[in-house]
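Asker: My structure is in model_39.pdb, and what it holds is PDB, C-alpha atoms:
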ATOM      1  CA  MET S   1       8.071   7.007  -4.797
ATOM      2  CA  MET S   2       6.919   8.180  -8.178
ATOM      3  CA  GLY S   3       6.781  11.924  -8.669
ATOM      4  CA  PHE S   4       4.794  13.983 -11.168
ATOM      5  CA  ALA S   5       1.858  11.575 -10.973
ATOM      6  CA  PRO S   6      -0.424  13.369 -13.472
ATOM      7  CA  LYS S   7       2.156  12.764 -16.218
ATOM      8  CA  GLN S   8       2.743   9.118 -15.306
ATOM      9  CA  PHE S   9      -0.635   7.723 -16.408
ATOM     10  CA  ASP S  10      -2.496   7.856 -19.710
ATOM     11  CA  ASP S  11      -6.278   8.135 -20.041
ATOM     12  CA  GLU S  12      -6.621   4.387 -19.618
ATOM     13  CA  GLY S  13      -4.659   4.376 -16.360
ATOM     14  CA  ARG S  14      -1.559   2.799 -17.924
ATOM     15  CA  LEU S  15       1.954   3.993 -17.133
ATOM     16  CA  THR S  16       3.328   6.279 -19.834
ATOM     17  CA  ASP S  17       6.974   5.382 -19.174
ATOM     18  CA  GLU S  18       7.984   1.808 -19.984
ATOM     19  CA  GLY S  19      11.025   2.273 -17.768
ATOM     20  CA  THR S  20       8.818   2.723 -14.722
ATOM     21  CA  LEU S  21       7.010  -0.522 -15.437
ATOM     22  CA  LYS S  22      10.333  -2.296 -15.945
ATOM     23  CA  PHE S  23      11.534  -0.934 -12.625
ATOM     24  CA  LEU S  24       8.362  -2.028 -10.846
ATOM     25  CA  LYS S  25       8.810  -5.578 -12.111
ATOM     26  CA  HIS S  26      12.409  -5.576 -10.947
ATOM     27  CA  PHE S  27      11.341  -4.172  -7.596
ATOM     28  CA  PHE S  28       8.834  -6.970  -7.059
ATOM     29  CA  ASP S  29      11.515  -9.540  -7.869
ATOM     30  CA  GLU S  30      13.351  -8.062  -4.885
ATOM     31  CA  VAL S  31      10.147  -8.198  -2.850
ATOM     32  CA  ASP S  32       9.944 -11.917  -3.627
ATOM     33  CA  GLU S  33      13.496 -12.427  -2.363
ATOM     34  CA  TRP S  34      12.674 -10.458   0.794
ATOM     35  CA  TYR S  35       9.494 -12.465   1.364
ATOM     36  CA  ALA S  36      11.354 -15.743   0.878
ATOM     37  CA  GLN S  37      13.760 -14.725   3.640
ATOM     38  CA  LEU S  38      10.846 -13.883   5.947
ATOM     39  CA  VAL S  39       9.102 -17.217   5.594
ATOM     40  CA  LYS S  40      12.242 -19.362   5.486
TER      41      LYS S  40
ATOM     42  CA  MET Y   1       1.009 -15.731  -3.018
ATOM     43  CA  LYS Y   2      -2.108 -13.835  -1.921
ATOM     44  CA  VAL Y   3      -1.500 -10.089  -1.973
ATOM     45  CA  LEU Y   4      -3.989  -7.515  -0.746
ATOM     46  CA  ALA Y   5      -3.531  -4.187  -2.537
ATOM     47  CA  LEU Y   6      -4.777  -1.582  -0.073
ATOM     48  CA  SER Y   7      -5.366   1.982  -1.200
ATOM     49  CA  GLY Y   8      -4.743   4.548   1.505
ATOM     50  CA  SER Y   9      -6.662   7.224  -0.374
ATOM     51  CA  ASN Y  10     -10.237   8.412  -0.047
ATOM     52  CA  ALA Y  11      -9.916  10.652  -3.113
ATOM     53  CA  GLY Y  12     -12.286  10.274  -6.016
ATOM     54  CA  ASN Y  13      -9.516  10.017  -8.591
ATOM     55  CA  SER Y  14      -6.552   8.619  -6.712
ATOM     56  CA  PHE Y  15      -3.153   8.360  -8.384
ATOM     57  CA  ASN Y  16      -2.088   5.850  -5.742
ATOM     58  CA  GLU Y  17      -5.065   3.659  -6.550
ATOM     59  CA  LYS Y  18      -4.078   3.907 -10.219
ATOM     60  CA  LEU Y  19      -0.555   2.807  -9.296
ATOM     61  CA  LEU Y  20      -1.917  -0.185  -7.389
ATOM     62  CA  ARG Y  21      -4.104  -1.143 -10.342
ATOM     63  CA  VAL Y  22      -1.110  -0.914 -12.709
ATOM     64  CA  ILE Y  23       0.814  -3.262 -10.420
ATOM     65  CA  MET Y  24      -2.154  -5.636 -10.151
ATOM     66  CA  LYS Y  25      -2.627  -5.717 -13.908
ATOM     67  CA  ASN Y  26       1.027  -6.272 -14.760
ATOM     68  CA  LEU Y  27       1.905  -8.758 -12.027
ATOM     69  CA  ASP Y  28      -1.241 -10.862 -11.944
ATOM     70  CA  ASN Y  29       0.765 -13.768 -13.343
ATOM     71  CA  LYS Y  30       2.822 -14.056 -10.154
ATOM     72  CA  TYR Y  31       0.419 -12.902  -7.399
ATOM     73  CA  ASP Y  32      -3.167 -13.645  -6.473
ATOM     74  CA  PHE Y  33      -4.380 -10.070  -5.939
ATOM     75  CA  ASP Y  34      -7.321  -8.735  -4.018
ATOM     76  CA  PHE Y  35      -8.102  -5.019  -3.732
ATOM     77  CA  ALA Y  36      -9.354  -2.969  -0.793
ATOM     78  CA  THR Y  37      -9.569   0.686   0.098
ATOM     79  CA  VAL Y  38      -9.872   2.782   3.224
ATOM     80  CA  LYS Y  39     -12.397   4.941   1.380
ATOM     81  CA  GLY Y  40     -15.689   5.034   3.257
ATOM     82  CA  LEU Y  41     -14.407   3.697   6.565
ATOM     83  CA  PRO Y  42     -15.554   5.683   9.622
ATOM     84  CA  MET Y  43     -13.120   7.756  11.657
ATOM     85  CA  PHE Y  44     -11.512   5.765  14.466
ATOM     86  CA  LYS Y  45     -13.026   6.307  17.881
ATOM     87  CA  GLU Y  46     -11.391   4.826  20.948
ATOM     88  CA  GLY Y  47     -13.569   2.603  23.110
ATOM     89  CA  VAL Y  48     -15.996   1.787  20.309
ATOM     90  CA  GLU Y  49     -16.303  -1.660  18.746
ATOM     91  CA  ALA Y  50     -14.947  -1.753  15.220
ATOM     92  CA  PRO Y  51     -17.749  -1.565  12.624
ATOM     93  CA  GLN Y  52     -18.361  -4.419  10.213
ATOM     94  CA  ASN Y  53     -16.574  -2.819   7.240
ATOM     95  CA  VAL Y  54     -13.431  -2.452   9.354
ATOM     96  CA  LEU Y  55     -13.715  -6.071  10.490
ATOM     97  CA  ASP Y  56     -14.163  -7.121   6.862
ATOM     98  CA  LEU Y  57     -10.992  -5.268   5.910
ATOM     99  CA  GLY Y  58      -9.194  -6.865   8.843
ATOM    100  CA  LYS Y  59     -10.237 -10.314   7.600
ATOM    101  CA  LYS Y  60      -8.913  -9.542   4.122
ATOM    102  CA  ILE Y  61      -5.584  -8.504   5.645
ATOM    103  CA  GLU Y  62      -5.459 -11.634   7.796
ATOM    104  CA  ASP Y  63      -6.134 -13.821   4.775
ATOM    105  CA  ALA Y  64      -3.379 -12.211   2.688
ATOM    106  CA  ASP Y  65       0.219 -13.421   2.666
ATOM    107  CA  MET Y  66       1.372  -9.864   2.070
ATOM    108  CA  VAL Y  67      -0.219  -6.400   2.042
ATOM    109  CA  LEU Y  68       0.729  -3.815  -0.579
ATOM    110  CA  ILE Y  69      -0.208  -0.322   0.586
ATOM    111  CA  GLY Y  70      -0.523   2.605  -1.823
ATOM    112  CA  SER Y  71       0.099   5.531   0.499
ATOM    113  CA  PRO Y  72      -0.655   9.090  -0.629
ATOM    114  CA  GLU Y  73       0.875  12.053   1.154
ATOM    115  CA  GLN Y  74      -1.057  14.786   2.962
ATOM    116  CA  GLN Y  75       0.647  17.458   5.079
ATOM    117  CA  HIS Y  76       3.963  15.544   4.955
ATOM    118  CA  SER Y  77       2.302  12.431   6.379
ATOM    119  CA  VAL Y  78      -0.132   9.646   5.536
ATOM    120  CA  THR Y  79      -3.762  10.485   4.821
ATOM    121  CA  SER Y  80      -6.065  10.805   7.804
ATOM    122  CA  ALA Y  81      -8.200   8.071   6.238
ATOM    123  CA  LEU Y  82      -5.307   5.593   6.234
ATOM    124  CA  LYS Y  83      -4.160   6.573   9.736
ATOM    125  CA  SER Y  84      -7.685   6.136  11.044
ATOM    126  CA  ALA Y  85      -7.940   2.695   9.424
ATOM    127  CA  LEU Y  86      -4.624   1.667  10.964
ATOM    128  CA  GLU Y  87      -5.913   2.787  14.360
ATOM    129  CA  TRP Y  88      -9.000   0.591  13.987
ATOM    130  CA  LEU Y  89      -6.768  -2.256  12.831
ATOM    131  CA  SER Y  90      -4.494  -2.044  15.849
ATOM    132  CA  SER Y  91      -7.175  -1.826  18.541
ATOM    133  CA  SER Y  92     -10.035  -4.319  18.492
ATOM    134  CA  VAL Y  93      -8.417  -6.489  15.807
ATOM    135  CA  HIS Y  94      -4.730  -6.873  14.944
ATOM    136  CA  PRO Y  95      -4.491  -8.283  11.424
ATOM    137  CA  PHE Y  96      -1.128  -6.654  10.711
ATOM    138  CA  HIS Y  97       0.663  -8.655  13.386
ATOM    139  CA  ASP Y  98       3.694 -10.242  11.676
ATOM    140  CA  LYS Y  99       2.217  -9.369   8.285
ATOM    141  CA  PRO Y 100       4.704  -8.492   5.540
ATOM    142  CA  VAL Y 101       3.848  -5.066   4.159
ATOM    143  CA  VAL Y 102       5.148  -3.383   1.020
ATOM    144  CA  ILE Y 103       4.664   0.357   0.571
ATOM    145  CA  VAL Y 104       4.390   2.172  -2.758
ATOM    146  CA  SER Y 105       3.412   5.749  -3.434
ATOM    147  CA  THR Y 106       3.059   8.456  -6.019
ATOM    148  CA  SER Y 107       2.113  12.123  -5.955
ATOM    149  CA  PRO Y 108       2.025  15.193  -8.199
ATOM    150  CA  MET Y 109       5.083  16.532  -6.351
ATOM    151  CA  PRO Y 110       8.631  15.516  -7.361
ATOM    152  CA  GLN Y 111       9.197  13.640  -4.078
ATOM    153  CA  GLY Y 112       6.483  11.132  -4.967
ATOM    154  CA  ALA Y 113       5.041  11.013  -1.428
ATOM    155  CA  ALA Y 114       8.381  10.012   0.082
ATOM    156  CA  ARG Y 115       7.460  11.527   3.432
ATOM    157  CA  SER Y 116       4.261   9.504   3.507
ATOM    158  CA  GLN Y 117       6.279   6.315   3.074
ATOM    159  CA  THR Y 118       8.680   7.263   5.839
ATOM    160  CA  ARG Y 119       5.823   8.174   8.155
ATOM    161  CA  LEU Y 120       3.878   5.026   7.382
ATOM    162  CA  LYS Y 121       6.906   2.874   8.022
ATOM    163  CA  SER Y 122       7.357   4.614  11.359
ATOM    164  CA  ILE Y 123       3.682   4.142  12.308
ATOM    165  CA  LEU Y 124       3.718   0.474  11.454
ATOM    166  CA  LEU Y 125       6.994  -0.211  13.239
ATOM    167  CA  LEU Y 126       5.916   1.726  16.324
ATOM    168  CA  GLN Y 127       2.962  -0.575  16.618
ATOM    169  CA  ALA Y 128       5.284  -3.548  16.140
ATOM    170  CA  LEU Y 129       2.841  -4.959  13.657
ATOM    171  CA  VAL Y 130       4.672  -5.549  10.445
ATOM    172  CA  HIS Y 131       7.729  -6.104   8.426
ATOM    173  CA  THR Y 132       8.114  -3.246   6.008
ATOM    174  CA  TYR Y 133       9.950  -2.868   2.780
ATOM    175  CA  LEU Y 134      10.327   0.635   1.454
ATOM    176  CA  THR Y 135      10.108   1.033  -2.282
ATOM    177  CA  VAL Y 136      11.798   3.559  -4.491
ATOM    178  CA  THR Y 137      10.265   3.803  -7.940
ATOM    179  CA  ASN Y 138      11.125   5.963 -10.869
ATOM    180  CA  SER Y 139      10.764   9.686 -10.216
TER     181      SER Y 139
END
Please go through the file and, once you have read it, give me the structure as structure tokens.
Answerer:
Amino acid sequence: MMGFAPKQFDDEGRLTDEGTLKFLKHFFDEVDEWYAQLVK
Amino acid sequence: MKVLALSGSNAGNSFNEKLLRVIMKNLDNKYDFDFATVKGLPMFKEGVEAPQNVLDLGKKIEDADMVLIGSPEQQHSVTSALKSALEWLSSSVHPFHDKPVVIVSTSPMPQGAARSQTRLKSILLLQALVHTYLTVTNS
């Protein structure tokens, strides 16, 4: 859930906050762990 | 891993589609992404065969190892476009059966479409179609 969407993207569609991108990458590491459990 | 990024928006300038494209761009080294949208799909009608564009979307979902849904919020719920697509995809075809699904969302409001995520998770679980994983991103 990412609030204040109009402020989160620049004109090129990139995230304006590096911290959000860092969090997303961390989140998908957790997704990978979850997926590995599902297919084990 | 093949991941289908599915936009649940039919808006012309969707923030949730932007979020999906950010994820696709920044994680293309670890996932094989494909993109799809519910935009343009007809409204679900019970008793009618699913049209070809719905069947095509169903095939993309079937072919994916995981589906990543960008789910906007309307009226404290998912968009009617996404709900309609899910109705098509749980009637004549069932591509979400046992399909891992990840939900992300964003919105202009501070909650970031949290209620859409909760509602979508409920819809998917009620249909016993998917495994869900609720995301919390920076707000």
Asker: Counting only C-alpha atoms, what are the residues of chain S within 7 Å of chain Y, and for each of them which pair of atoms is the nearest and at what distance in Å, to one decimal? Sort the table by chain and rising number, as a tab-separated table.
Answerer:
residue	atom	partner	partner_atom	distance
S:Met1	CA	Y:Gly112	CA	4.4
S:Met2	CA	Y:Gly112	CA	4.4
S:Gly3	CA	Y:Gly112	CA	3.8
S:Phe4	CA	Y:Pro108	CA	4.2
S:Ala5	CA	Y:Pro108	CA	4.6
S:Pro6	CA	Y:Pro108	CA	6.1
S:Gly13	CA	Y:Lys18	CA	6.2
S:Arg14	CA	Y:Val22	CA	6.4
S:Thr20	CA	Y:Asn138	CA	5.5
S:Phe23	CA	Y:Thr137	CA	6.8
S:Leu24	CA	Y:Thr137	CA	6.8
Asker: Starting from the shown file, work through the PyMOL selection byres ((chain Y and resi 47) around 12) and note down what comes out as a VMD selection string.
Answerer: chain Y and resid 44 to 46 48 to 50 87 to 88 91 to 92
Asker: Can you tell me, as a list in words, what residues are no more than 10 Å from Ile61 of chain Y when counting all atoms listed in the file, ignoring any on the same chain fewer than 5 positions away?
Answerer: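 Near neighbours after the sequence-gap exclusion: Lys2, Val3, Leu4, Ala5, Leu6, Asp34, Ala36, Leu55, Asp56, Met66, Val67, Leu89, His94, Pro95, Phe96, His97 and Lys99 of chain Y.
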Asker: Which residue out of Y:His76, Y:Ile123, Y:Ala85, Y:Gly70 has the minimum interatomic distance to Asn53 of chain Y when all atoms listed in the file are used?
Answerer: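 Under the stated criterion, the closest residue is Y:Ala85.
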Asker: Any idea what the distance is between atom CA of Met43 of chain Y and atom CA of Leu20 of chain Y?
Answerer: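 If I compute the distance from atom CA of Met43 of chain Y to atom CA of Leu20 of chain Y, I get 23.5 Å.
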Asker: Would you place a box with edges along x, y and z of the file around all atoms of segment 102-106 of chain Y listed there, add 5 Å to each of its six sides, and report the centre and edge lengths in Å to one decimal, as AutoDock Vina command-line options?
Answerer:
--center_x 4.1 --center_y 2.5 --center_z -2.5 --size_x 12.1 --size_y 21.8 --size_z 17.0
Asker: Could you tell me how far atom CA of Pro51 of chain Y lies from atom CA of Asn13 of chain Y, in Å and to one decimal?
Answerer: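 Distance reported for this atom pair: 25.5 Å.
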Asker: Check the smallest atom-to-atom distance from each of Y:Leu125, Y:Leu120, Y:Ala81, Y:Ala11 to Leu41 of chain Y using only C-alpha atoms, then report the winner.
Answerer: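 Smallest distance to Leu41 of chain Y is found for Y:Ala81.
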Asker: What is the atom CA of Thr118 of chain Y-atom CA of Ser90 of chain Y distance in Å, reported with one decimal?
Answerer: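 Rounded to one decimal, the two atoms are 19.0 Å apart.
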